[in-house]
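Q: Questions regarding the structure given below will be posed in turn.
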Amino acid sequence: MRAVIAEDSVLLRIGLVKVLQMAGFEVTAEAADAEGLLTAVEEHRPDIAVVDVRMPPGFTDEGVRAALLIRQQWPDTAVLLLSQYVEERYATDLLTAHTSGIGYLLKQRVADVEEFIDALRRVAGGGTALDPQVVSQLLVRRHSDPLDRLTRRERDVLELMAGGRSNAGIAAALVVSESAVAKHINSIFAKLDLPVADADHRRVLAVLRFLGVS
């Protein structure tokens with residue numbers, strides 16, 4: 001798979017290049033700002049773009065705006081955003097507009113190379129990866145809605161779904177069987193009053209309901 005990296009910190013950018021190469025990705029271009037990122041994506045059409053949330057010239061939301069534009073103009077390119085701090089709005093903005101090929105992680109996750117590579121491959125493959133700290137904060141601020149119907153274990157399952165885990169990944173994290181996970185997920189669908197649809201679509205709807213964007 002081919003990747004483009006957009007990060008203004010030279011040291012972190014060098015580290016990201018090495019990690020991606022270790023994971024088997026071909027880094028086709030590097031950029032230090034949003035303009036350079038968009039130019040690189042247009043030229044190379046990578047499978048994934050790894051993007052810093054805050055980049056020159058304003059160091060505000062340049063990376064997020066570039067990510068949304070990439071997903072709109074080049075939908076085959078997945079985007080994994082990296083942020084120094086938890087910024088919930090950016091995660092919900094991305095998932096409101098797109099429900100596949102999107103990731104949002106804190107930069108500290110790069111230090112756990114195995115976990116970061118797993119998230120990278122998941123997003124590049126069309127899945128999602130949401131930082132556990134973002135998920136936890138969103139869970140805490142929810143009040144009085146259909147989510148209140150869920151049991152503690154069902155909330156755990158939904159939290160892991162929001163992080164992009166598969167049924168097998170959820171089962172491993174909770175140390176339960178995949179059949180137990182499937183039962184919890186079906187119960188979640190029912191309690192959230194989600195319309196009958198294919199399983200993948202209902203998973204996305206459940207995560208959006210959890211994030212408060214649907």
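We label chains A, B, ... in the order they appear in the structure tokens, count residues from 1 in each chain, and number ligands from 1 in the order shown.
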Output as CSV one row per residue of region 104-133 of chain A within 6 Å of region 71-86 of chain A: the closest atom pair and its distance in Å to one decimal place, counting only C-alpha atoms, sorted by chain and residue number ascending.
A:
```
residue,atom,partner,partner_atom,distance
A:Tyr104,CA,A:Leu81,CA,4.7
A:Leu105,CA,A:Leu82,CA,5.1
A:Leu106,CA,A:Ser83,CA,4.8
A:Lys107,CA,A:Leu82,CA,5.4
A:Ala124,CA,A:Ala78,CA,5.5
```
Q: Near Gly63 (chain A), counting only C-alpha atoms, which residues have an atom at most 8 Å away, once you skip same-chain residues fewer than 6 positions from it, shown as a list in words?
A: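 My reading of the contact set: Ala34, Val51, Asp52, Val53, Arg54, Met55 and Leu81 of chain A.
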Q: Kindly export the residues of the current selection with N, CA, C and O atoms, as a tab-separated table (two decimals), in the first residue's frame.
A:
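Contents of selection.tsv, freshly written:
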```tsv
chain	number	residue	atom	x	y	z
A	34	ALA	N	-0.76	21.75	4.80
A	34	ALA	CA	-1.96	21.22	4.15
A	34	ALA	C	-1.90	21.36	2.63
A	34	ALA	O	-2.34	20.47	1.90
A	51	VAL	N	-2.13	12.36	8.65
A	51	VAL	CA	-2.19	13.82	8.65
A	51	VAL	C	-2.21	14.39	10.06
A	51	VAL	O	-3.01	13.96	10.91
A	52	ASP	N	-1.37	15.38	10.31
A	52	ASP	CA	-1.39	16.14	11.56
A	52	ASP	C	-2.62	17.05	11.55
A	52	ASP	O	-2.93	17.68	10.53
A	53	VAL	N	-3.34	17.12	12.68
A	53	VAL	CA	-4.53	17.98	12.76
A	53	VAL	C	-4.16	19.45	12.58
A	53	VAL	O	-4.81	20.19	11.84
A	54	ARG	N	-3.12	19.90	13.28
A	54	ARG	CA	-2.73	21.32	13.26
A	54	ARG	C	-1.43	21.48	12.48
A	54	ARG	O	-0.40	20.96	12.87
A	55	MET	N	-1.52	22.23	11.37
A	55	MET	CA	-0.35	22.44	10.52
A	55	MET	C	-0.25	23.91	10.11
A	55	MET	O	-1.20	24.68	10.30
A	81	LEU	N	-5.88	10.79	11.02
A	81	LEU	CA	-5.48	12.05	11.62
A	81	LEU	C	-4.75	11.81	12.94
A	81	LEU	O	-5.13	10.94	13.72
```
Q: For a test of reading the model, state the distance in Å between CA of Ile48 (chain A) and CA of Ala31 (chain A), rounded to one decimal.
A: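 Between CA of Ile48 (chain A) and CA of Ala31 (chain A) the gap is 13.7 Å.
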Q: Need the shell around region 111-120 of chain A: protein/DNA/RNA residues with any atom at most 8 Å away, counting only C-alpha atoms. Skip same-chain ones fewer than 2 positions apart. Format as a list in words?
A: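 In the requested form, the answer reads Val19, Leu20, Ala23, Leu80, Gly103, Lys107, Gln108, Arg109, Arg122, Val123, Ala124, Thr128 and Ala129 of chain A.
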Q: Using all heavy atoms, can you export the residues from the last selection as a short mmCIF file (atom, residue, chain, number, x, y, z; two decimals), in the first residue's frame?
A:
```cif
data_model
loop_
_atom_site.label_atom_id
_atom_site.label_comp_id
_atom_site.auth_asym_id
_atom_site.auth_seq_id
_atom_site.Cartn_x
_atom_site.Cartn_y
_atom_site.Cartn_z
N VAL A 19 8.06 3.89 10.67
CA VAL A 19 7.02 2.98 11.14
C VAL A 19 6.19 2.47 9.97
O VAL A 19 5.89 1.26 9.89
CB VAL A 19 6.11 3.69 12.17
CG1 VAL A 19 4.89 2.83 12.49
CG2 VAL A 19 6.87 3.97 13.46
N LEU A 20 5.81 3.35 9.05
CA LEU A 20 5.02 2.92 7.90
C LEU A 20 5.80 1.96 7.02
O LEU A 20 5.24 0.96 6.54
CB LEU A 20 4.54 4.14 7.10
CG LEU A 20 3.14 4.63 7.44
CD1 LEU A 20 3.12 5.24 8.85
CD2 LEU A 20 2.63 5.65 6.43
N ALA A 23 5.77 -1.36 8.44
CA ALA A 23 4.48 -2.03 8.27
C ALA A 23 4.24 -2.46 6.83
O ALA A 23 3.19 -3.03 6.52
CB ALA A 23 3.37 -1.10 8.72
N LEU A 80 -5.86 9.02 8.18
CA LEU A 80 -5.63 8.82 9.61
C LEU A 80 -5.08 10.13 10.18
O LEU A 80 -3.97 10.54 9.85
CB LEU A 80 -4.63 7.69 9.85
CG LEU A 80 -4.24 7.43 11.31
CD1 LEU A 80 -5.46 7.09 12.15
CD2 LEU A 80 -3.21 6.31 11.40
N GLY A 103 -9.59 7.61 10.51
CA GLY A 103 -9.04 7.35 11.83
C GLY A 103 -8.66 8.65 12.53
O GLY A 103 -8.36 9.65 11.88
N LYS A 107 -1.17 11.47 19.11
CA LYS A 107 0.20 11.21 18.64
C LYS A 107 0.94 10.23 19.54
O LYS A 107 1.84 9.52 19.09
CB LYS A 107 0.97 12.52 18.51
CG LYS A 107 0.49 13.39 17.35
CD LYS A 107 1.34 14.63 17.19
CE LYS A 107 0.89 15.44 15.99
NZ LYS A 107 1.70 16.67 15.80
N GLN A 108 0.57 10.19 20.80
CA GLN A 108 1.26 9.28 21.72
C GLN A 108 1.06 7.83 21.32
O GLN A 108 1.85 6.95 21.71
CB GLN A 108 0.75 9.50 23.14
CG GLN A 108 -0.70 9.08 23.36
CD GLN A 108 -1.27 9.59 24.66
OE1 GLN A 108 -1.19 10.77 24.96
NE2 GLN A 108 -1.83 8.69 25.45
N ARG A 109 0.03 7.53 20.52
CA ARG A 109 -0.21 6.15 20.09
C ARG A 109 0.89 5.65 19.16
O ARG A 109 1.07 4.43 19.01
CB ARG A 109 -1.57 6.04 19.38
CG ARG A 109 -2.75 6.49 20.20
CD ARG A 109 -2.97 5.67 21.44
NE ARG A 109 -3.97 6.30 22.30
CZ ARG A 109 -4.14 6.00 23.57
NH1 ARG A 109 -3.41 5.06 24.13
NH2 ARG A 109 -5.05 6.63 24.30
N ARG A 122 -6.06 -0.99 9.51
CA ARG A 122 -7.52 -1.03 9.58
C ARG A 122 -8.14 0.13 8.80
O ARG A 122 -9.08 -0.06 8.03
CB ARG A 122 -7.96 -0.99 11.04
CG ARG A 122 -9.44 -1.28 11.24
CD ARG A 122 -9.72 -1.67 12.68
NE ARG A 122 -9.49 -0.60 13.63
CZ ARG A 122 -8.61 -0.65 14.61
NH1 ARG A 122 -7.83 -1.69 14.76
NH2 ARG A 122 -8.48 0.36 15.45
N VAL A 123 -7.59 1.32 8.99
CA VAL A 123 -8.12 2.49 8.28
C VAL A 123 -7.85 2.39 6.78
O VAL A 123 -8.73 2.66 5.96
CB VAL A 123 -7.50 3.79 8.85
CG1 VAL A 123 -7.90 5.00 8.01
CG2 VAL A 123 -7.94 3.99 10.29
N ALA A 124 -6.63 1.97 6.42
CA ALA A 124 -6.29 1.82 5.00
C ALA A 124 -7.20 0.81 4.31
O ALA A 124 -7.48 0.92 3.11
CB ALA A 124 -4.83 1.41 4.85
N THR A 128 -12.37 1.99 10.54
CA THR A 128 -12.21 3.19 11.34
C THR A 128 -11.31 2.89 12.55
O THR A 128 -11.20 1.75 12.98
CB THR A 128 -13.56 3.72 11.87
OG1 THR A 128 -14.19 2.70 12.65
CG2 THR A 128 -14.47 4.13 10.74
N ALA A 129 -10.69 3.93 13.07
CA ALA A 129 -9.87 3.81 14.29
C ALA A 129 -10.03 5.11 15.06
O ALA A 129 -9.62 6.17 14.59
CB ALA A 129 -8.41 3.56 13.93
#
```
Q: Identify which of the residues A:Met22, A:Ile5, A:Ala171, A:Val64 lies closest to Ala40 (chain A), counting only C-alpha atoms when measuring atom-to-atom distances.
A: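 Closest residue, counting only C-alpha atoms: A:Ile5.
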Q: When you count only C-alpha atoms, which of these residues is closest to His44 (chain A): A:Val17, A:Ala3, A:Ala67, A:Val204?
A: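 Nearest candidate to His44 (chain A) out of A:Val17, A:Ala3, A:Ala67, A:Val204: A:Ala3.
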Q: Using only C-alpha atoms, can you tell me which of A:Ala180, A:Asp8, A:Gly15, A:Thr60 comes closest to Gly36 (chain A)?
A: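 Among the listed residues, A:Asp8 lies closest to Gly36 (chain A).
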Q: From region 23-108 of chain A, collect each residue whose DSSP state is helix (DSSP H, G or I) and return the set as a PyMOL selection string.
A: chain A and resi 34-44+62-73+88-97+107-108
Q: Just checking: using only C-alpha atoms, which residue out of A:Leu94, A:Leu130, A:Leu158, A:Ala29 ends up closest to Glu42 (chain A)?
A: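 Looking only at the distances to Glu42 (chain A), the closest residue turns out to be A:Ala29.
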Q: What gap, in Å, lies between CA of Leu12 (chain A) and CA of Leu37 (chain A)?
A: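 Straight-line distance from CA of Leu12 (chain A) to CA of Leu37 (chain A) works out to 15.9 Å.
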Q: Between CA of Asp33 (chain A) and CA of Ala6 (chain A), what is the distance, to one decimal in Å?
A: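 Straight-line distance from CA of Asp33 (chain A) to CA of Ala6 (chain A) works out to 6.5 Å.
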